[in-house]
Amino acid sequence: MSTASDARFWDRTSRRYAKGAIADPAGYERTLDRTRALLLPDDRVLELGCGTGTTAFRLAGDVRDYLATDFSAAMIAIASERYGVDLVPNLAFRIATAEALAAERVQYDAVLGFNYLHLVRDLSGTLGNIHALLASRGLFISKTPCVGEMNPLIRLALLPAMRALGKAPYAGIFRQIELSQEMTAAGFEILQIENHATKGNDNRPYIVARKR
């Protein structure tokens with residue numbers, strides 16, 4: 001299995017994903033409101049793992065420029081169909097990874113990664129690329145499932161079985177403390193860790209970190 005095979009998984013499931021309902025709408029709105037409060041009108045924002053663009057569309061109007069990216073071509077195609085430049089002129093969609101973007105040496109005031117970090121195969125490398133993508137004192141804002149804190153039956157039995165059948169994508173297994181340690185090691189200062197779930201603890205900490 002590889003990043004290319006992961007992209008193919010999301011290409012295959014993109015239409016079904018696009019039709020899916022948000023599991024916790026109130027929690028999602030809280031995440032949007034909190035993120036919106038952290039962004040400035042003159043910010044250049046990069047979103048990694050944007051999927052079909054729902055969050056990008058909701059946040060782009062509050063900043064100067066918003067680049068929403070995903071490694072799945074099918075996801076980006078759906079996002080572009082839904083939210084083209086006619087709707088939000090400062091919003092652009094692009095097929096890209098953090099690694100490829102970092103090589104371009106363009107920096108952003110904020111990088112967003114929602115439901116993203118657990119899907120990357122090289123967590124430390126990805127965090128290093130995100131650090132490089134940020135301008136001085138830039139913010140990295142994420143909300144990430146910590147699979148290592150989920151029910152052992154799910155992470156040790158169900159998830160591997162579904163992956164073997166091609167019914168689930170790659171998912172890194174880490175706990176919140178381990179994720180925090182990885183961020184610190186990559187050069188971030190963690191400012192806040194919050195839980196935005198309204199239906200109990202869904203093990204997805206909302207983390208605001210600043211580039212040191």
# chains A, B, ... in the order shown; residues from 1 in each chain; ligands from 1
$ residues_around --residues "Ile95 (chain A)" --least-positions-apart "4" --cutoff "8 Å" --atoms "only C-alpha atoms" --output "ChimeraX atom specification"
/A:69-73,76
$ write_last_selection --atoms "C-alpha atoms" --output "JSON list (two decimals), in the first residue's frame"
[["chain", "number", "residue", "atom", "x", "y", "z"],
["A", 69, "THR", "CA", -5.90, 20.99, -1.73],
["A", 70, "ASP", "CA", -6.30, 17.24, -1.70],
["A", 71, "PHE", "CA", -4.35, 14.34, -3.19],
["A", 72, "SER", "CA", -7.53, 12.84, -4.63],
["A", 73, "ALA", "CA", -8.26, 14.13, -8.13],
["A", 76, "ILE", "CA", -10.96, 18.11, -6.17]]
$ residues_around --residues "region 39-56 of chain A" --least-positions-apart "3" --cutoff "6 Å" --atoms "only C-alpha atoms" --output "list of chain:residue names"
A:Arg36, A:Leu59, A:Ala60, A:Asp62, A:Val63, A:Arg64, A:Asp65, A:Tyr66, A:Leu67, A:Ala68, A:Thr69, A:Asp70, A:Met75, A:Ile78, A:Ala79, A:Tyr108, A:Asp109, A:Ala110, A:Val111, A:Leu112, A:Gly113, A:Tyr116
$ select_by_dssp --residues "chain A" --states "alpha helix (DSSP H)" --output "ChimeraX atom specification"
/A:3-19,25-38,54-59,73-82,98-103,123-133,152-153,159-164,176-185
$ residues_around --residues "His131 (chain A)" --least-positions-apart "4" --cutoff "12 Å" --atoms "only C-alpha atoms" --output "MDAnalysis selection string"
chainID A and resid 98:99 101:102 105:112 124:127 135:141 182:189 209:212
$ write_last_selection --atoms "C-alpha atoms" --output "PDB file, in the first residue's frame"
ATOM      1  CA  ALA A  98       2.013  18.938   1.670  1.00  0.00           C
ATOM      2  CA  GLU A  99       5.337  17.632   0.377  1.00  0.00           C
ATOM      3  CA  LEU A 101       3.593  22.340  -1.874  1.00  0.00           C
ATOM      4  CA  ALA A 102       6.532  22.741   0.522  1.00  0.00           C
ATOM      5  CA  ARG A 105       8.615  27.562  -1.102  1.00  0.00           C
ATOM      6  CA  VAL A 106       5.387  29.571  -0.929  1.00  0.00           C
ATOM      7  CA  GLN A 107       4.342  30.401   2.618  1.00  0.00           C
ATOM      8  CA  TYR A 108       0.945  30.917   4.206  1.00  0.00           C
ATOM      9  CA  ASP A 109      -0.348  32.714   7.279  1.00  0.00           C
ATOM     10  CA  ALA A 110      -2.405  29.683   8.297  1.00  0.00           C
ATOM     11  CA  VAL A 111      -2.530  26.013   7.330  1.00  0.00           C
ATOM     12  CA  LEU A 112      -5.662  24.000   8.093  1.00  0.00           C
ATOM     13  CA  SER A 124       6.554  13.615  11.252  1.00  0.00           C
ATOM     14  CA  GLY A 125       7.487  14.371   7.631  1.00  0.00           C
ATOM     15  CA  THR A 126       4.098  15.943   6.945  1.00  0.00           C
ATOM     16  CA  LEU A 127       4.329  18.123  10.051  1.00  0.00           C
ATOM     17  CA  ALA A 135       5.196  32.140   7.484  1.00  0.00           C
ATOM     18  CA  SER A 136       6.866  33.249  10.703  1.00  0.00           C
ATOM     19  CA  ARG A 137       4.465  32.821  13.642  1.00  0.00           C
ATOM     20  CA  GLY A 138       1.892  31.272  11.311  1.00  0.00           C
ATOM     21  CA  LEU A 139      -0.882  29.057  12.683  1.00  0.00           C
ATOM     22  CA  PHE A 140      -1.495  25.379  12.042  1.00  0.00           C
ATOM     23  CA  ILE A 141      -5.086  24.506  12.937  1.00  0.00           C
ATOM     24  CA  GLU A 182       5.063  15.122  17.205  1.00  0.00           C
ATOM     25  CA  MET A 183       3.890  18.702  16.688  1.00  0.00           C
ATOM     26  CA  THR A 184       6.294  20.038  19.294  1.00  0.00           C
ATOM     27  CA  ALA A 185       9.175  18.080  17.757  1.00  0.00           C
ATOM     28  CA  ALA A 186       8.312  19.573  14.338  1.00  0.00           C
ATOM     29  CA  GLY A 187       8.766  23.105  15.664  1.00  0.00           C
ATOM     30  CA  PHE A 188       5.273  24.076  16.811  1.00  0.00           C
ATOM     31  CA  GLU A 189       4.101  25.705  20.019  1.00  0.00           C
ATOM     32  CA  ALA A 209      -0.400  25.499  17.079  1.00  0.00           C
ATOM     33  CA  ARG A 210       1.992  28.297  16.166  1.00  0.00           C
ATOM     34  CA  LYS A 211       5.204  28.007  14.173  1.00  0.00           C
ATOM     35  CA  ARG A 212       8.174  28.656  16.447  1.00  0.00           C
TER      36      ARG A 212
END
$ select_by_dssp --residues "region 13-130 of chain A" --states "strand (DSSP E)" --output "PyMOL selection string"
chain A and resi 44-48+65-70+91-95+108-114
$ write_last_selection --atoms "N, CA, C and O atoms" --output "PDB file, in the first residue's frame"
ATOM      1  N   ARG A  44      -3.403  34.642   4.024  1.00  0.00           N
ATOM      2  CA  ARG A  44      -3.344  33.655   2.942  1.00  0.00           C
ATOM      3  C   ARG A  44      -3.433  32.292   3.613  1.00  0.00           C
ATOM      4  O   ARG A  44      -2.587  31.952   4.448  1.00  0.00           O
ATOM      5  N   VAL A  45      -4.439  31.509   3.258  1.00  0.00           N
ATOM      6  CA  VAL A  45      -4.746  30.255   3.957  1.00  0.00           C
ATOM      7  C   VAL A  45      -4.601  29.078   3.004  1.00  0.00           C
ATOM      8  O   VAL A  45      -5.024  29.132   1.843  1.00  0.00           O
ATOM      9  N   LEU A  46      -4.012  28.005   3.533  1.00  0.00           N
ATOM     10  CA  LEU A  46      -3.893  26.740   2.815  1.00  0.00           C
ATOM     11  C   LEU A  46      -4.639  25.683   3.597  1.00  0.00           C
ATOM     12  O   LEU A  46      -4.442  25.535   4.808  1.00  0.00           O
ATOM     13  N   GLU A  47      -5.507  24.938   2.930  1.00  0.00           N
ATOM     14  CA  GLU A  47      -6.156  23.788   3.557  1.00  0.00           C
ATOM     15  C   GLU A  47      -5.627  22.513   2.908  1.00  0.00           C
ATOM     16  O   GLU A  47      -5.644  22.373   1.690  1.00  0.00           O
ATOM     17  N   LEU A  48      -5.182  21.576   3.723  1.00  0.00           N
ATOM     18  CA  LEU A  48      -4.718  20.266   3.268  1.00  0.00           C
ATOM     19  C   LEU A  48      -5.815  19.236   3.520  1.00  0.00           C
ATOM     20  O   LEU A  48      -6.479  19.266   4.550  1.00  0.00           O
ATOM     21  N   ASP A  65      -6.883  35.116   0.555  1.00  0.00           N
ATOM     22  CA  ASP A  65      -6.749  34.033  -0.419  1.00  0.00           C
ATOM     23  C   ASP A  65      -6.868  32.699   0.297  1.00  0.00           C
ATOM     24  O   ASP A  65      -6.359  32.534   1.421  1.00  0.00           O
ATOM     25  N   TYR A  66      -7.497  31.741  -0.361  1.00  0.00           N
ATOM     26  CA  TYR A  66      -7.703  30.423   0.245  1.00  0.00           C
ATOM     27  C   TYR A  66      -7.425  29.364  -0.815  1.00  0.00           C
ATOM     28  O   TYR A  66      -8.129  29.286  -1.827  1.00  0.00           O
ATOM     29  N   LEU A  67      -6.374  28.573  -0.595  1.00  0.00           N
ATOM     30  CA  LEU A  67      -6.048  27.467  -1.491  1.00  0.00           C
ATOM     31  C   LEU A  67      -6.428  26.160  -0.801  1.00  0.00           C
ATOM     32  O   LEU A  67      -5.894  25.830   0.256  1.00  0.00           O
ATOM     33  N   ALA A  68      -7.358  25.427  -1.385  1.00  0.00           N
ATOM     34  CA  ALA A  68      -7.824  24.160  -0.822  1.00  0.00           C
ATOM     35  C   ALA A  68      -7.270  23.014  -1.655  1.00  0.00           C
ATOM     36  O   ALA A  68      -7.446  22.983  -2.878  1.00  0.00           O
ATOM     37  N   THR A  69      -6.599  22.056  -1.002  1.00  0.00           N
ATOM     38  CA  THR A  69      -5.902  20.992  -1.727  1.00  0.00           C
ATOM     39  C   THR A  69      -6.278  19.616  -1.198  1.00  0.00           C
ATOM     40  O   THR A  69      -6.672  19.448  -0.048  1.00  0.00           O
ATOM     41  N   ASP A  70      -6.099  18.637  -2.069  1.00  0.00           N
ATOM     42  CA  ASP A  70      -6.302  17.244  -1.699  1.00  0.00           C
ATOM     43  C   ASP A  70      -5.503  16.388  -2.685  1.00  0.00           C
ATOM     44  O   ASP A  70      -5.263  16.830  -3.817  1.00  0.00           O
ATOM     45  N   LEU A  91     -11.151  31.730  -3.777  1.00  0.00           N
ATOM     46  CA  LEU A  91     -10.995  30.316  -3.434  1.00  0.00           C
ATOM     47  C   LEU A  91     -10.527  29.535  -4.653  1.00  0.00           C
ATOM     48  O   LEU A  91     -11.123  29.613  -5.722  1.00  0.00           O
ATOM     49  N   ALA A  92      -9.439  28.779  -4.464  1.00  0.00           N
ATOM     50  CA  ALA A  92      -8.929  27.928  -5.541  1.00  0.00           C
ATOM     51  C   ALA A  92      -8.750  26.510  -5.022  1.00  0.00           C
ATOM     52  O   ALA A  92      -8.392  26.302  -3.858  1.00  0.00           O
ATOM     53  N   PHE A  93      -9.020  25.540  -5.893  1.00  0.00           N
ATOM     54  CA  PHE A  93      -8.830  24.123  -5.564  1.00  0.00           C
ATOM     55  C   PHE A  93      -7.689  23.561  -6.397  1.00  0.00           C
ATOM     56  O   PHE A  93      -7.523  23.923  -7.568  1.00  0.00           O
ATOM     57  N   ARG A  94      -6.940  22.633  -5.789  1.00  0.00           N
ATOM     58  CA  ARG A  94      -5.778  22.091  -6.484  1.00  0.00           C
ATOM     59  C   ARG A  94      -5.446  20.693  -5.972  1.00  0.00           C
ATOM     60  O   ARG A  94      -5.542  20.430  -4.770  1.00  0.00           O
ATOM     61  N   ILE A  95      -5.049  19.799  -6.869  1.00  0.00           N
ATOM     62  CA  ILE A  95      -4.548  18.483  -6.480  1.00  0.00           C
ATOM     63  C   ILE A  95      -3.111  18.657  -6.010  1.00  0.00           C
ATOM     64  O   ILE A  95      -2.248  19.089  -6.777  1.00  0.00           O
ATOM     65  N   TYR A 108       2.312  30.523   3.891  1.00  0.00           N
ATOM     66  CA  TYR A 108       0.945  30.917   4.206  1.00  0.00           C
ATOM     67  C   TYR A 108       0.862  31.395   5.649  1.00  0.00           C
ATOM     68  O   TYR A 108       1.660  31.003   6.502  1.00  0.00           O
ATOM     69  N   ASP A 109      -0.141  32.218   5.918  1.00  0.00           N
ATOM     70  CA  ASP A 109      -0.348  32.714   7.279  1.00  0.00           C
ATOM     71  C   ASP A 109      -1.001  31.654   8.166  1.00  0.00           C
ATOM     72  O   ASP A 109      -0.807  31.651   9.384  1.00  0.00           O
ATOM     73  N   ALA A 110      -1.762  30.762   7.548  1.00  0.00           N
ATOM     74  CA  ALA A 110      -2.405  29.683   8.297  1.00  0.00           C
ATOM     75  C   ALA A 110      -2.526  28.455   7.403  1.00  0.00           C
ATOM     76  O   ALA A 110      -2.805  28.572   6.212  1.00  0.00           O
ATOM     77  N   VAL A 111      -2.305  27.292   8.001  1.00  0.00           N
ATOM     78  CA  VAL A 111      -2.530  26.013   7.330  1.00  0.00           C
ATOM     79  C   VAL A 111      -3.573  25.262   8.140  1.00  0.00           C
ATOM     80  O   VAL A 111      -3.473  25.153   9.370  1.00  0.00           O
ATOM     81  N   LEU A 112      -4.583  24.743   7.454  1.00  0.00           N
ATOM     82  CA  LEU A 112      -5.662  24.000   8.093  1.00  0.00           C
ATOM     83  C   LEU A 112      -5.598  22.538   7.677  1.00  0.00           C
ATOM     84  O   LEU A 112      -5.322  22.229   6.516  1.00  0.00           O
ATOM     85  N   GLY A 113      -5.873  21.648   8.616  1.00  0.00           N
ATOM     86  CA  GLY A 113      -5.928  20.215   8.304  1.00  0.00           C
ATOM     87  C   GLY A 113      -6.992  19.546   9.151  1.00  0.00           C
ATOM     88  O   GLY A 113      -6.742  19.186  10.300  1.00  0.00           O
ATOM     89  N   PHE A 114      -8.190  19.409   8.607  1.00  0.00           N
ATOM     90  CA  PHE A 114      -9.302  18.816   9.343  1.00  0.00           C
ATOM     91  C   PHE A 114      -9.543  17.384   8.879  1.00  0.00           C
ATOM     92  O   PHE A 114      -9.693  17.124   7.686  1.00  0.00           O
TER      93      PHE A 114
END
$ closest_residue --among "A:Leu179, A:Gly61, A:Gly148, A:Arg82" --to "Leu123 (chain A)" --atoms "only C-alpha atoms"
A:Leu179
$ atom_distance --atom1 "CA of Arg121 (chain A)" --atom2 "CA of Arg58 (chain A)"
28.0 Å
$ residues_around --residues "Ser5 (chain A)" --least-positions-apart "5" --cutoff "10 Å" --atoms "only C-alpha atoms" --output "MDAnalysis selection string"
chainID A and resid 10:11 169:170
$ atom_distance --atom1 "CA of Pro145 (chain A)" --atom2 "CA of Ile22 (chain A)"
14.8 Å
$ closest_residue --among "A:Asp24, A:Ala74, A:Arg15, A:Leu32" --to "Gly200 (chain A)" --atoms "only C-alpha atoms"
A:Asp24
$ atom_distance --atom1 "CA of Ala103 (chain A)" --atom2 "CA of Ile130 (chain A)"
11.0 Å
